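Peer 1: Sharing entry23.pdb below, PDB, C-alpha atoms:
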MODEL        1
ATOM      1  CA  MET X  12      14.989 -21.087 -17.196  1.00  0.00           C
ATOM      2  CA  ALA X  13      11.600 -20.254 -18.684  1.00  0.00           C
ATOM      3  CA  LYS X  14      10.276 -16.748 -18.229  1.00  0.00           C
ATOM      4  CA  ARG X  15       7.550 -17.707 -15.730  1.00  0.00           C
ATOM      5  CA  GLU X  16       9.342 -20.287 -13.592  1.00  0.00           C
ATOM      6  CA  LEU X  17       9.623 -17.535 -10.982  1.00  0.00           C
ATOM      7  CA  PRO X  18       6.666 -15.645  -9.523  1.00  0.00           C
ATOM      8  CA  ILE X  19       6.045 -12.510 -11.568  1.00  0.00           C
ATOM      9  CA  PHE X  20       5.624 -10.303  -8.450  1.00  0.00           C
ATOM     10  CA  VAL X  21       7.180 -10.428  -4.996  1.00  0.00           C
ATOM     11  CA  LEU X  22       5.768  -8.149  -2.265  1.00  0.00           C
ATOM     12  CA  ASP X  23       7.471  -6.683   0.799  1.00  0.00           C
ATOM     13  CA  THR X  24       4.767  -5.365   3.123  1.00  0.00           C
ATOM     14  CA  ASN X  25       6.526  -5.685   6.492  1.00  0.00           C
ATOM     15  CA  ARG X  26       7.837  -2.091   6.516  1.00  0.00           C
ATOM     16  CA  ALA X  27      10.850  -3.128   8.579  1.00  0.00           C
ATOM     17  CA  HIS X  28      13.213  -1.968   5.822  1.00  0.00           C
ATOM     18  CA  LYS X  29      13.817   1.548   7.248  1.00  0.00           C
ATOM     19  CA  LYS X  30      13.006   3.151   3.886  1.00  0.00           C
ATOM     20  CA  GLY X  31       9.978   5.127   5.061  1.00  0.00           C
ATOM     21  CA  GLU X  32       6.412   4.020   5.435  1.00  0.00           C
ATOM     22  CA  CYS X  33       5.885   2.194   2.160  1.00  0.00           C
ATOM     23  CA  ASP X  34       5.621  -1.252   0.672  1.00  0.00           C
ATOM     24  CA  TRP X  35       7.742  -2.625  -2.160  1.00  0.00           C
ATOM     25  CA  ILE X  36       7.013  -4.835  -5.143  1.00  0.00           C
ATOM     26  CA  VAL X  37       9.509  -6.581  -7.369  1.00  0.00           C
ATOM     27  CA  CYS X  38       8.611  -7.651 -10.881  1.00  0.00           C
ATOM     28  CA  THR X  39      10.792 -10.591 -11.936  1.00  0.00           C
ATOM     29  CA  ASP X  40      10.079 -10.332 -15.667  1.00  0.00           C
ATOM     30  CA  ARG X  41      13.346 -11.048 -17.518  1.00  0.00           C
ATOM     31  CA  ASP X  42      13.039  -8.207 -20.023  1.00  0.00           C
ATOM     32  CA  ASN X  43      10.966  -5.621 -18.151  1.00  0.00           C
ATOM     33  CA  GLY X  44      11.610  -6.345 -14.473  1.00  0.00           C
ATOM     34  CA  PHE X  45      11.688  -3.609 -11.843  1.00  0.00           C
ATOM     35  CA  VAL X  46      11.724  -2.750  -8.163  1.00  0.00           C
ATOM     36  CA  ALA X  47       8.977  -0.294  -7.229  1.00  0.00           C
ATOM     37  CA  LYS X  48       7.956   1.603  -4.124  1.00  0.00           C
ATOM     38  CA  ILE X  49       4.262   1.538  -3.188  1.00  0.00           C
ATOM     39  CA  ASP X  50       2.763   4.271  -1.056  1.00  0.00           C
ATOM     40  CA  TYR X  51      -0.668   5.674  -0.411  1.00  0.00           C
ATOM     41  CA  LEU X  52      -2.425   8.855  -1.472  1.00  0.00           C
ATOM     42  CA  ASP X  53      -5.647  10.318  -0.153  1.00  0.00           C
ATOM     43  CA  GLY X  54      -8.542  10.315  -2.639  1.00  0.00           C
ATOM     44  CA  ASP X  55      -9.598   8.181  -5.575  1.00  0.00           C
ATOM     45  CA  ILE X  56      -6.952   8.973  -8.204  1.00  0.00           C
ATOM     46  CA  ASP X  57      -6.122   7.170 -11.438  1.00  0.00           C
ATOM     47  CA  GLU X  58      -3.007   8.281 -13.352  1.00  0.00           C
ATOM     48  CA  VAL X  59      -0.411   6.522 -15.512  1.00  0.00           C
ATOM     49  CA  GLY X  60       3.145   7.412 -16.480  1.00  0.00           C
ATOM     50  CA  ASP X  61       6.081   5.561 -18.043  1.00  0.00           C
ATOM     51  CA  ASP X  62       7.585   4.625 -14.671  1.00  0.00           C
ATOM     52  CA  TYR X  63       4.674   5.000 -12.238  1.00  0.00           C
ATOM     53  CA  ARG X  64       0.994   4.266 -11.792  1.00  0.00           C
ATOM     54  CA  ILE X  65      -1.558   5.715  -9.393  1.00  0.00           C
ATOM     55  CA  GLN X  66      -4.636   3.587  -8.966  1.00  0.00           C
ATOM     56  CA  SER X  67      -7.721   3.995  -6.825  1.00  0.00           C
ATOM     57  CA  ARG X  68      -8.518   1.358  -4.251  1.00  0.00           C
ATOM     58  CA  GLY X  69     -12.158   2.500  -4.339  1.00  0.00           C
ATOM     59  CA  VAL X  70     -12.263   3.486  -0.660  1.00  0.00           C
ATOM     60  CA  GLY X  71     -10.942   7.048  -0.799  1.00  0.00           C
ATOM     61  CA  ILE X  72      -7.341   5.829  -0.840  1.00  0.00           C
ATOM     62  CA  SER X  73      -5.161   5.322  -3.914  1.00  0.00           C
ATOM     63  CA  ILE X  74      -1.855   3.532  -4.318  1.00  0.00           C
ATOM     64  CA  ARG X  75       1.149   4.948  -6.144  1.00  0.00           C
ATOM     65  CA  ILE X  76       3.620   2.461  -7.603  1.00  0.00           C
ATOM     66  CA  ALA X  77       6.837   4.179  -8.665  1.00  0.00           C
ATOM     67  CA  ILE X  78       9.754   2.303 -10.200  1.00  0.00           C
ATOM     68  CA  VAL X  79      12.996   2.996  -8.363  1.00  0.00           C
ATOM     69  CA  ARG X  80      15.177   0.520 -10.243  1.00  0.00           C
ATOM     70  CA  SER X  81      14.807  -1.246 -13.579  1.00  0.00           C
ATOM     71  CA  ILE X  82      16.225  -4.764 -13.541  1.00  0.00           C
ATOM     72  CA  GLY X  83      15.059  -6.008 -16.941  1.00  0.00           C
ATOM     73  CA  ASP X  84      17.447  -6.805 -19.790  1.00  0.00           C
ATOM     74  CA  ASN X  85      15.474  -5.101 -22.600  1.00  0.00           C
ATOM     75  CA  PRO X  86      12.727  -2.903 -21.114  1.00  0.00           C
ATOM     76  CA  LYS X  87       9.961  -1.609 -23.376  1.00  0.00           C
ATOM     77  CA  THR X  88       7.777   1.238 -22.156  1.00  0.00           C
ATOM     78  CA  THR X  89       4.482  -0.375 -23.181  1.00  0.00           C
ATOM     79  CA  ASP X  90       5.398  -3.680 -21.532  1.00  0.00           C
ATOM     80  CA  VAL X  91       6.518  -1.917 -18.341  1.00  0.00           C
ATOM     81  CA  ARG X  92       3.211  -0.011 -18.221  1.00  0.00           C
ATOM     82  CA  THR X  93       1.312  -3.297 -18.589  1.00  0.00           C
ATOM     83  CA  LEU X  94       3.344  -4.871 -15.788  1.00  0.00           C
ATOM     84  CA  LEU X  95       2.744  -1.831 -13.549  1.00  0.00           C
ATOM     85  CA  LYS X  96      -0.996  -2.281 -14.133  1.00  0.00           C
ATOM     86  CA  LYS X  97      -0.744  -5.980 -13.247  1.00  0.00           C
ATOM     87  CA  ALA X  98       1.397  -5.143 -10.208  1.00  0.00           C
ATOM     88  CA  ALA X  99      -1.229  -2.669  -8.954  1.00  0.00           C
ATOM     89  CA  LYS X 100      -3.973  -5.275  -9.382  1.00  0.00           C
ATOM     90  CA  HIS X 101      -1.881  -7.918  -7.633  1.00  0.00           C
ATOM     91  CA  TYR X 102      -1.073  -5.574  -4.740  1.00  0.00           C
ATOM     92  CA  ILE X 103      -4.687  -4.485  -4.284  1.00  0.00           C
ATOM     93  CA  ASP X 104      -5.992  -8.063  -4.550  1.00  0.00           C
ATOM     94  CA  THR X 105      -3.397  -9.213  -2.015  1.00  0.00           C
ATOM     95  CA  THR X 106      -3.731  -6.417   0.547  1.00  0.00           C
ATOM     96  CA  VAL X 107      -7.364  -5.265   0.335  1.00  0.00           C
ATOM     97  CA  LYS X 108      -9.883  -7.434   2.097  1.00  0.00           C
ATOM     98  CA  PRO X 109     -13.559  -7.092   1.175  1.00  0.00           C
ATOM     99  CA  MET X 110     -15.697  -5.652   3.951  1.00  0.00           C
ATOM    100  CA  ASN X 111     -19.393  -5.526   4.619  1.00  0.00           C
ATOM    101  CA  VAL X 112     -19.873  -1.753   4.850  1.00  0.00           C
ATOM    102  CA  ASN X 113     -23.596  -1.976   5.592  1.00  0.00           C
ATOM    103  CA  GLN X 114     -23.280  -4.095   8.740  1.00  0.00           C
ATOM    104  CA  PRO X 115     -19.593  -4.562   9.520  1.00  0.00           C
ATOM    105  CA  THR X 116     -18.512  -6.830  12.328  1.00  0.00           C
ATOM    106  CA  ARG X 117     -16.246  -5.530  15.088  1.00  0.00           C
ATOM    107  CA  GLN X 118     -13.369  -7.428  13.501  1.00  0.00           C
ATOM    108  CA  GLU X 119     -14.029  -5.749  10.133  1.00  0.00           C
ATOM    109  CA  CYS X 120     -14.039  -2.346  11.876  1.00  0.00           C
ATOM    110  CA  VAL X 121     -10.706  -3.169  13.526  1.00  0.00           C
ATOM    111  CA  GLU X 122      -9.249  -4.343  10.206  1.00  0.00           C
ATOM    112  CA  PHE X 123     -10.374  -1.107   8.538  1.00  0.00           C
ATOM    113  CA  LEU X 124      -8.818   0.983  11.313  1.00  0.00           C
ATOM    114  CA  LYS X 125      -5.562  -0.942  10.874  1.00  0.00           C
ATOM    115  CA  LEU X 126      -5.729  -0.258   7.127  1.00  0.00           C
ATOM    116  CA  LEU X 127      -6.183   3.462   7.823  1.00  0.00           C
ATOM    117  CA  ILE X 128      -3.226   3.450  10.191  1.00  0.00           C
ATOM    118  CA  HIS X 129      -1.076   1.543   7.692  1.00  0.00           C
ATOM    119  CA  SER X 130      -2.186   3.808   4.845  1.00  0.00           C
ATOM    120  CA  ASN X 131      -1.535   7.069   6.676  1.00  0.00           C
ATOM    121  CA  LEU X 132       1.858   6.386   8.231  1.00  0.00           C
ATOM    122  CA  HIS X 133       3.441   8.015   5.172  1.00  0.00           C
ATOM    123  CA  ASN X 134       1.961  11.329   6.336  1.00  0.00           C
ATOM    124  CA  LEU X 135       4.635  11.431   9.049  1.00  0.00           C
ATOM    125  CA  ASP X 136       7.341  11.509   6.387  1.00  0.00           C
ATOM    126  CA  GLU X 137       5.482  14.198   4.462  1.00  0.00           C
ATOM    127  CA  ALA X 138       5.134  16.329   7.605  1.00  0.00           C
ATOM    128  CA  GLY X 139       8.921  16.624   7.720  1.00  0.00           C
ATOM    129  CA  SER X 140      10.108  18.854  10.528  1.00  0.00           C
ATOM    130  CA  ASP X 141       6.853  20.823  10.849  1.00  0.00           C
ATOM    131  CA  TYR X 142       6.108  20.258  14.542  1.00  0.00           C
ATOM    132  CA  ASN X 143       2.392  21.100  14.395  1.00  0.00           C
ATOM    133  CA  GLU X 144       1.756  18.929  11.339  1.00  0.00           C
ATOM    134  CA  ARG X 145       3.659  15.983  12.847  1.00  0.00           C
ATOM    135  CA  LYS X 146       1.735  16.394  16.110  1.00  0.00           C
ATOM    136  CA  THR X 147      -1.584  16.376  14.223  1.00  0.00           C
ATOM    137  CA  VAL X 148      -0.631  13.236  12.292  1.00  0.00           C
ATOM    138  CA  LEU X 149       0.606  11.478  15.441  1.00  0.00           C
ATOM    139  CA  THR X 150      -2.576  12.401  17.321  1.00  0.00           C
ATOM    140  CA  SER X 151      -4.723  11.085  14.457  1.00  0.00           C
ATOM    141  CA  LEU X 152      -2.758   7.837  14.281  1.00  0.00           C
ATOM    142  CA  SER X 153      -2.948   7.464  18.072  1.00  0.00           C
ATOM    143  CA  MET X 154      -6.722   7.927  18.038  1.00  0.00           C
ATOM    144  CA  LEU X 155      -7.132   5.373  15.244  1.00  0.00           C
ATOM    145  CA  GLN X 156      -5.027   2.919  17.260  1.00  0.00           C
ATOM    146  CA  ALA X 157      -7.005   3.701  20.435  1.00  0.00           C
ATOM    147  CA  ALA X 158     -10.266   3.027  18.583  1.00  0.00           C
ATOM    148  CA  ALA X 159      -8.919  -0.303  17.293  1.00  0.00           C
ATOM    149  CA  ASP X 160      -7.717  -1.222  20.789  1.00  0.00           C
ATOM    150  CA  TYR X 161     -11.069  -0.209  22.280  1.00  0.00           C
ATOM    151  CA  LEU X 162     -12.945  -2.462  19.852  1.00  0.00           C
ATOM    152  CA  THR X 163     -10.704  -5.422  20.716  1.00  0.00           C
ATOM    153  CA  ASP X 164     -10.752  -4.857  24.495  1.00  0.00           C
ATOM    154  CA  ASP X 165     -12.939  -7.433  26.289  1.00  0.00           C
ATOM    155  CA  ASP X 166     -13.806  -4.951  29.054  1.00  0.00           C
ATOM    156  CA  HIS X 167     -15.507  -2.680  26.511  1.00  0.00           C
ATOM    157  CA  GLY X 168     -17.541  -5.256  24.626  1.00  0.00           C
ATOM    158  CA  GLY X 169     -14.724  -5.975  22.186  1.00  0.00           C
ATOM    159  CA  LEU X 170     -13.685  -9.148  20.445  1.00  0.00           C
ATOM    160  CA  SER X 171     -13.298 -12.327  22.393  1.00  0.00           C
TER     161      SER X 171
ENDMDL
END
For this file, produce the structure as C-alpha coordinates.
Peer 2:
Amino acid sequence: MAKRELPIFVLDTNRAHKKGECDWIVCTDRDNGFVAKIDYLDGDIDEVGDDYRIQSRGVGISIRIAIVRSIGDNPKTTDVRTLLKKAAKHYIDTTVKPMNVNQPTRQECVEFLKLLIHSNLHNLDEAGSDYNERKTVLTSLSMLQAAADYLTDDDHGGLS
(Lines of atoms letter the chains of each structure in order from A and count residues from 1; the text may use other names and numbers.)
(Lines give C-alpha, C1' and ligand atoms only; values in the text may rest on other atoms or scores of the structure.)
Protein backbone atom coordinates (compact mmCIF):
# COMPACT_ATOMS: atom_id res chain seq x y z
CA MET A 1 0.00 0.00 0.00
CA ALA A 2 1.38 3.40 -0.95
CA LYS A 3 2.09 5.86 1.83
CA ARG A 4 -0.81 8.20 1.00
CA GLU A 5 -3.56 5.73 0.13
CA LEU A 6 -4.98 6.51 3.57
CA PRO A 7 -5.93 10.00 4.76
CA ILE A 8 -2.96 11.56 6.54
CA PHE A 9 -5.11 12.85 9.45
CA VAL A 10 -8.23 11.49 11.12
CA LEU A 11 -10.08 13.71 13.63
CA ASP A 12 -12.26 12.74 16.59
CA THR A 13 -14.19 15.82 17.69
CA ASN A 14 -17.28 14.21 19.22
CA ARG A 15 -15.91 14.20 22.79
CA ALA A 16 -17.93 11.11 23.64
CA HIS A 17 -14.75 9.17 24.43
CA LYS A 18 -14.77 9.86 28.21
CA LYS A 19 -11.14 11.03 28.11
CA GLY A 20 -11.79 14.59 29.25
CA GLU A 21 -12.85 17.58 27.24
CA CYS A 22 -10.50 17.31 24.28
CA ASP A 23 -10.37 16.32 20.65
CA TRP A 24 -8.04 13.74 19.13
CA ILE A 25 -6.11 13.55 15.88
CA VAL A 26 -4.45 10.51 14.38
CA CYS A 27 -1.64 10.84 11.87
CA THR A 28 -1.52 7.75 9.65
CA ASP A 29 1.98 8.35 8.28
CA ARG A 30 3.73 4.96 8.07
CA ASP A 31 7.05 6.11 9.52
CA ASN A 32 6.05 9.02 11.77
CA GLY A 33 2.43 8.32 12.69
CA PHE A 34 0.96 9.29 16.06
CA VAL A 35 -2.15 9.71 18.16
CA ALA A 36 -2.38 13.16 19.72
CA LYS A 37 -4.68 14.90 22.16
CA ILE A 38 -5.90 18.39 21.22
CA ASP A 39 -7.04 20.82 23.88
CA TYR A 40 -7.44 24.55 24.19
CA LEU A 41 -5.47 27.24 25.99
CA ASP A 42 -6.46 30.82 26.67
CA GLY A 43 -4.40 33.43 24.79
CA ASP A 44 -2.53 33.57 21.52
CA ILE A 45 0.43 31.24 22.13
CA ASP A 46 2.87 29.71 19.66
CA GLU A 47 5.32 27.08 20.96
CA VAL A 48 6.93 23.95 19.50
CA GLY A 49 8.46 20.88 21.11
CA ASP A 50 9.51 17.42 19.90
CA ASP A 51 6.17 15.83 20.82
CA TYR A 52 3.79 18.80 21.07
CA ARG A 53 2.79 22.02 19.37
CA ILE A 54 0.85 25.02 20.65
CA GLN A 55 -0.58 27.20 17.93
CA SER A 56 -2.69 30.32 18.04
CA ARG A 57 -6.10 30.28 16.42
CA GLY A 58 -5.93 34.09 16.18
CA VAL A 59 -9.01 34.68 18.34
CA GLY A 60 -7.49 34.65 21.83
CA ILE A 61 -7.57 30.85 21.95
CA SER A 62 -4.70 28.50 21.11
CA ILE A 63 -4.68 24.76 20.51
CA ARG A 64 -2.21 22.35 22.07
CA ILE A 65 -1.52 19.12 20.20
CA ALA A 66 0.36 16.64 22.38
CA ILE A 67 1.37 13.19 21.15
CA VAL A 68 0.20 10.46 23.50
CA ARG A 69 1.25 7.49 21.39
CA SER A 70 3.69 7.10 18.51
CA ILE A 71 2.53 4.56 15.94
CA GLY A 72 5.15 5.09 13.23
CA ASP A 73 7.72 2.46 12.29
CA ASN A 74 10.77 4.77 12.09
CA PRO A 75 9.93 8.16 13.63
CA LYS A 76 12.25 11.11 13.01
CA THR A 77 11.94 14.18 15.21
CA THR A 78 12.03 16.68 12.34
CA ASP A 79 9.40 14.76 10.37
CA VAL A 80 7.16 14.45 13.44
CA ARG A 81 7.44 18.21 14.04
CA THR A 82 6.44 18.85 10.42
CA LEU A 83 3.45 16.53 10.74
CA LEU A 84 2.40 18.22 14.01
CA LYS A 85 2.46 21.56 12.16
CA LYS A 86 0.34 20.10 9.35
CA ALA A 87 -2.01 18.50 11.90
CA ALA A 88 -2.52 21.86 13.63
CA LYS A 89 -3.29 23.53 10.30
CA HIS A 90 -5.68 20.74 9.33
CA TYR A 91 -7.46 20.90 12.69
CA ILE A 92 -7.81 24.69 12.61
CA ASP A 93 -8.96 24.68 8.96
CA THR A 94 -11.50 21.96 9.75
CA THR A 95 -12.91 23.34 13.01
CA VAL A 96 -12.62 27.13 12.72
CA LYS A 97 -15.26 28.83 10.64
CA PRO A 98 -14.60 32.36 9.38
CA MET A 99 -16.85 34.98 10.93
CA ASN A 100 -17.75 38.52 10.06
CA VAL A 101 -16.67 40.27 13.26
CA ASN A 102 -17.76 43.72 12.10
CA GLN A 103 -21.42 42.83 11.51
CA PRO A 104 -21.99 39.25 12.62
CA THR A 105 -25.31 37.57 12.03
CA ARG A 106 -27.22 36.01 14.92
CA GLN A 107 -26.17 32.59 13.65
CA GLU A 108 -22.49 33.64 13.66
CA CYS A 109 -22.90 34.89 17.25
CA VAL A 110 -24.44 31.55 18.24
CA GLU A 111 -21.64 29.64 16.50
CA PHE A 112 -19.03 31.73 18.33
CA LEU A 113 -20.73 31.10 21.68
CA LYS A 114 -20.73 27.36 20.92
CA LEU A 115 -17.01 27.59 20.10
CA LEU A 116 -16.37 29.32 23.43
CA ILE A 117 -18.32 26.64 25.27
CA HIS A 118 -16.49 23.86 23.42
CA SER A 119 -13.13 25.56 23.98
CA ASN A 120 -13.61 26.14 27.70
CA LEU A 121 -15.00 22.78 28.80
CA HIS A 122 -11.44 21.72 29.63
CA ASN A 123 -11.47 24.29 32.44
CA LEU A 124 -13.72 21.93 34.41
CA ASP A 125 -10.98 19.31 34.41
CA GLU A 126 -8.40 21.89 35.43
CA ALA A 127 -10.59 23.07 38.31
CA GLY A 128 -10.26 19.62 39.87
CA SER A 129 -11.97 19.39 43.23
CA ASP A 130 -11.85 23.13 43.97
CA TYR A 131 -15.56 23.79 44.58
CA ASN A 132 -15.44 27.56 44.02
CA GLU A 133 -13.43 27.29 40.81
CA ARG A 134 -15.72 24.56 39.43
CA LYS A 135 -18.77 26.65 40.34
CA THR A 136 -17.32 29.68 38.53
CA VAL A 137 -16.56 27.63 35.41
CA LEU A 138 -20.00 26.00 35.44
CA THR A 139 -21.70 29.39 35.87
CA SER A 140 -19.70 30.83 32.97
CA LEU A 141 -20.52 27.87 30.73
CA SER A 142 -24.19 28.08 31.73
CA MET A 143 -24.33 31.78 30.87
CA LEU A 144 -22.68 31.18 27.49
CA GLN A 145 -25.24 28.45 26.79
CA ALA A 146 -28.09 30.71 27.97
CA ALA A 147 -26.89 33.46 25.62
CA ALA A 148 -26.76 31.01 22.70
CA ASP A 149 -30.24 29.71 23.58
CA TYR A 150 -31.56 33.27 23.89
CA LEU A 151 -30.27 34.16 20.42
CA THR A 152 -31.93 31.08 18.91
CA ASP A 153 -35.25 31.48 20.76
CA ASP A 154 -38.02 32.73 18.45
CA ASP A 155 -39.79 34.51 21.33
CA HIS A 156 -36.76 36.77 21.81
CA GLY A 157 -36.10 37.72 18.21
CA GLY A 158 -33.85 34.73 17.63
CA LEU A 159 -33.27 32.59 14.58
CA SER A 160 -36.18 31.23 12.65
Peer 1: Written as a list in words, what is the full residue list that the PyMOL selection byres ((chain X and resi 88-99) around 8) yields on the file shown?
Peer 2: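 Answer for the PyMOL selection byres ((chain X and resi 88-99) around 8): Phe20, Ile36, Cys38, Asn43, Gly44, Val59, Gly60, Asp61, Asp62, Tyr63, Arg64, Gln66, Ile74, Ile76, Pro86, Lys87, Lys100, His101, Tyr102 and Ile103 of chain X.
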Peer 1: Calculated over all atoms listed in the file, which of the candidates X:Val46, X:Cys120, X:Cys33, X:Ile78 has the smallest distance to Ala158 (chain X)?
Peer 2: X:Cys120
Peer 1: Would you compute the distance between CA of Ser153 (chain X) and CA of Ile56 (chain X)? Give it in Å to one decimal.
Peer 2: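 For CA of Ser153 (chain X) relative to CA of Ile56 (chain X), the distance reads 26.6 Å.
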Peer 1: With all atoms listed in the file as the basis for distance, which of X:Pro18, X:Thr163, X:Lys125, X:Leu149 is at the shortest distance from Thr106 (chain X)?
Peer 2: X:Lys125
Peer 1: What would the selection look like, as a CSV table (one decimal) with C-alpha atoms, in the coordinates of the input, if the PyMOL selection byres ((chain X and resi 40) around 8) were run on the coordinates I just shared?
Peer 2:
chain,number,residue,atom,x,y,z
X,14,LYS,CA,10.3,-16.7,-18.2
X,15,ARG,CA,7.6,-17.7,-15.7
X,19,ILE,CA,6.0,-12.5,-11.6
X,38,CYS,CA,8.6,-7.7,-10.9
X,39,THR,CA,10.8,-10.6,-11.9
X,41,ARG,CA,13.3,-11.0,-17.5
X,42,ASP,CA,13.0,-8.2,-20.0
X,43,ASN,CA,11.0,-5.6,-18.2
X,44,GLY,CA,11.6,-6.3,-14.5
X,45,PHE,CA,11.7,-3.6,-11.8
X,83,GLY,CA,15.1,-6.0,-16.9
Peer 1: Could you tell me how far CA of Thr147 (chain X) lies from CA of Leu124 (chain X), in Å and to one decimal?
Peer 2: 17.3 Å
Peer 1: Enter the distance from CA of Val37 (chain X) to CA of Asp23 (chain X), in Å, rounded to one decimal.
Peer 2: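 We find that CA of Val37 (chain X) and CA of Asp23 (chain X) lie 8.4 Å from each other.
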Peer 1: Please write as a CSV table (one decimal) with C-alpha atoms, keeping the file's coordinate frame the full residue list that the PyMOL selection byres ((chain X and resi 73) around 10) yields on this file.
Peer 2:
chain,number,residue,atom,x,y,z
X,50,ASP,CA,2.8,4.3,-1.1
X,51,TYR,CA,-0.7,5.7,-0.4
X,52,LEU,CA,-2.4,8.9,-1.5
X,53,ASP,CA,-5.6,10.3,-0.2
X,54,GLY,CA,-8.5,10.3,-2.6
X,55,ASP,CA,-9.6,8.2,-5.6
X,56,ILE,CA,-7.0,9.0,-8.2
X,57,ASP,CA,-6.1,7.2,-11.4
X,65,ILE,CA,-1.6,5.7,-9.4
X,66,GLN,CA,-4.6,3.6,-9.0
X,67,SER,CA,-7.7,4.0,-6.8
X,68,ARG,CA,-8.5,1.4,-4.3
X,69,GLY,CA,-12.2,2.5,-4.3
X,70,VAL,CA,-12.3,3.5,-0.7
X,71,GLY,CA,-10.9,7.0,-0.8
X,72,ILE,CA,-7.3,5.8,-0.8
X,74,ILE,CA,-1.9,3.5,-4.3
X,75,ARG,CA,1.1,4.9,-6.1
X,76,ILE,CA,3.6,2.5,-7.6
X,103,ILE,CA,-4.7,-4.5,-4.3
X,130,SER,CA,-2.2,3.8,4.8
Peer 1: Closest to Phe123 (chain X) among X:Asn143, X:Thr105, X:Gln156, X:Asn25, using only C-alpha atoms?
Peer 2: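 Nearest to Phe123 (chain X): X:Gln156.
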Peer 1: Can you put N, CA and C atoms back into region 67-86 of chain X and show it as a PDB file, in the frame of the given file?
Peer 2:
ATOM      1  N   SER X  67      -6.764   3.906  -7.918  1.00  0.00           N
ATOM      2  CA  SER X  67      -7.721   3.995  -6.825  1.00  0.00           C
ATOM      3  C   SER X  67      -7.988   2.618  -6.245  1.00  0.00           C
ATOM      4  N   ARG X  68      -8.117   2.587  -4.932  1.00  0.00           N
ATOM      5  CA  ARG X  68      -8.518   1.358  -4.251  1.00  0.00           C
ATOM      6  C   ARG X  68     -10.027   1.345  -4.049  1.00  0.00           C
ATOM      7  N   GLY X  69     -10.705   2.439  -4.428  1.00  0.00           N
ATOM      8  CA  GLY X  69     -12.158   2.500  -4.339  1.00  0.00           C
ATOM      9  C   GLY X  69     -12.695   2.798  -2.950  1.00  0.00           C
ATOM     10  N   VAL X  70     -11.822   3.185  -2.023  1.00  0.00           N
ATOM     11  CA  VAL X  70     -12.263   3.486  -0.660  1.00  0.00           C
ATOM     12  C   VAL X  70     -11.722   4.840  -0.202  1.00  0.00           C
ATOM     13  N   GLY X  71     -11.474   5.732  -1.145  1.00  0.00           N
ATOM     14  CA  GLY X  71     -10.942   7.048  -0.799  1.00  0.00           C
ATOM     15  C   GLY X  71      -9.441   7.058  -0.612  1.00  0.00           C
ATOM     16  N   ILE X  72      -8.792   5.955  -0.933  1.00  0.00           N
ATOM     17  CA  ILE X  72      -7.341   5.829  -0.840  1.00  0.00           C
ATOM     18  C   ILE X  72      -6.844   5.259  -2.161  1.00  0.00           C
ATOM     19  N   SER X  73      -5.765   5.829  -2.688  1.00  0.00           N
ATOM     20  CA  SER X  73      -5.161   5.322  -3.914  1.00  0.00           C
ATOM     21  C   SER X  73      -3.750   4.855  -3.615  1.00  0.00           C
ATOM     22  N   ILE X  74      -3.243   3.950  -4.449  1.00  0.00           N
ATOM     23  CA  ILE X  74      -1.855   3.532  -4.318  1.00  0.00           C
ATOM     24  C   ILE X  74      -1.042   4.133  -5.444  1.00  0.00           C
ATOM     25  N   ARG X  75       0.208   4.469  -5.125  1.00  0.00           N
ATOM     26  CA  ARG X  75       1.149   4.948  -6.144  1.00  0.00           C
ATOM     27  C   ARG X  75       2.282   3.937  -6.190  1.00  0.00           C
ATOM     28  N   ILE X  76       2.508   3.371  -7.383  1.00  0.00           N
ATOM     29  CA  ILE X  76       3.620   2.461  -7.603  1.00  0.00           C
ATOM     30  C   ILE X  76       4.612   3.220  -8.473  1.00  0.00           C
ATOM     31  N   ALA X  77       5.808   3.437  -7.933  1.00  0.00           N
ATOM     32  CA  ALA X  77       6.837   4.179  -8.665  1.00  0.00           C
ATOM     33  C   ALA X  77       8.091   3.323  -8.769  1.00  0.00           C
ATOM     34  N   ILE X  78       8.558   3.111  -9.975  1.00  0.00           N
ATOM     35  CA  ILE X  78       9.754   2.303 -10.200  1.00  0.00           C
ATOM     36  C   ILE X  78      10.977   3.065  -9.691  1.00  0.00           C
ATOM     37  N   VAL X  79      11.766   2.387  -8.863  1.00  0.00           N
ATOM     38  CA  VAL X  79      12.996   2.996  -8.363  1.00  0.00           C
ATOM     39  C   VAL X  79      14.231   2.360  -8.988  1.00  0.00           C
ATOM     40  N   ARG X  80      14.064   1.173  -9.563  1.00  0.00           N
ATOM     41  CA  ARG X  80      15.177   0.520 -10.243  1.00  0.00           C
ATOM     42  C   ARG X  80      14.644  -0.432 -11.304  1.00  0.00           C
ATOM     43  N   SER X  81      15.135  -0.297 -12.516  1.00  0.00           N
ATOM     44  CA  SER X  81      14.807  -1.246 -13.579  1.00  0.00           C
ATOM     45  C   SER X  81      15.818  -2.376 -13.518  1.00  0.00           C
ATOM     46  N   ILE X  82      15.325  -3.611 -13.591  1.00  0.00           N
ATOM     47  CA  ILE X  82      16.225  -4.764 -13.541  1.00  0.00           C
ATOM     48  C   ILE X  82      16.060  -5.668 -14.756  1.00  0.00           C
ATOM     49  N   GLY X  83      15.273  -5.217 -15.738  1.00  0.00           N
ATOM     50  CA  GLY X  83      15.059  -6.008 -16.941  1.00  0.00           C
ATOM     51  C   GLY X  83      16.194  -5.833 -17.941  1.00  0.00           C
ATOM     52  N   ASP X  84      16.383  -6.840 -18.792  1.00  0.00           N
ATOM     53  CA  ASP X  84      17.447  -6.805 -19.790  1.00  0.00           C
ATOM     54  C   ASP X  84      17.132  -5.889 -20.964  1.00  0.00           C
ATOM     55  N   ASN X  85      15.881  -5.878 -21.426  1.00  0.00           N
ATOM     56  CA  ASN X  85      15.474  -5.101 -22.600  1.00  0.00           C
ATOM     57  C   ASN X  85      14.120  -4.451 -22.360  1.00  0.00           C
ATOM     58  N   PRO X  86      14.038  -3.476 -21.447  1.00  0.00           N
ATOM     59  CA  PRO X  86      12.727  -2.903 -21.114  1.00  0.00           C
ATOM     60  C   PRO X  86      12.085  -2.157 -22.280  1.00  0.00           C
TER      61      PRO X  86
END
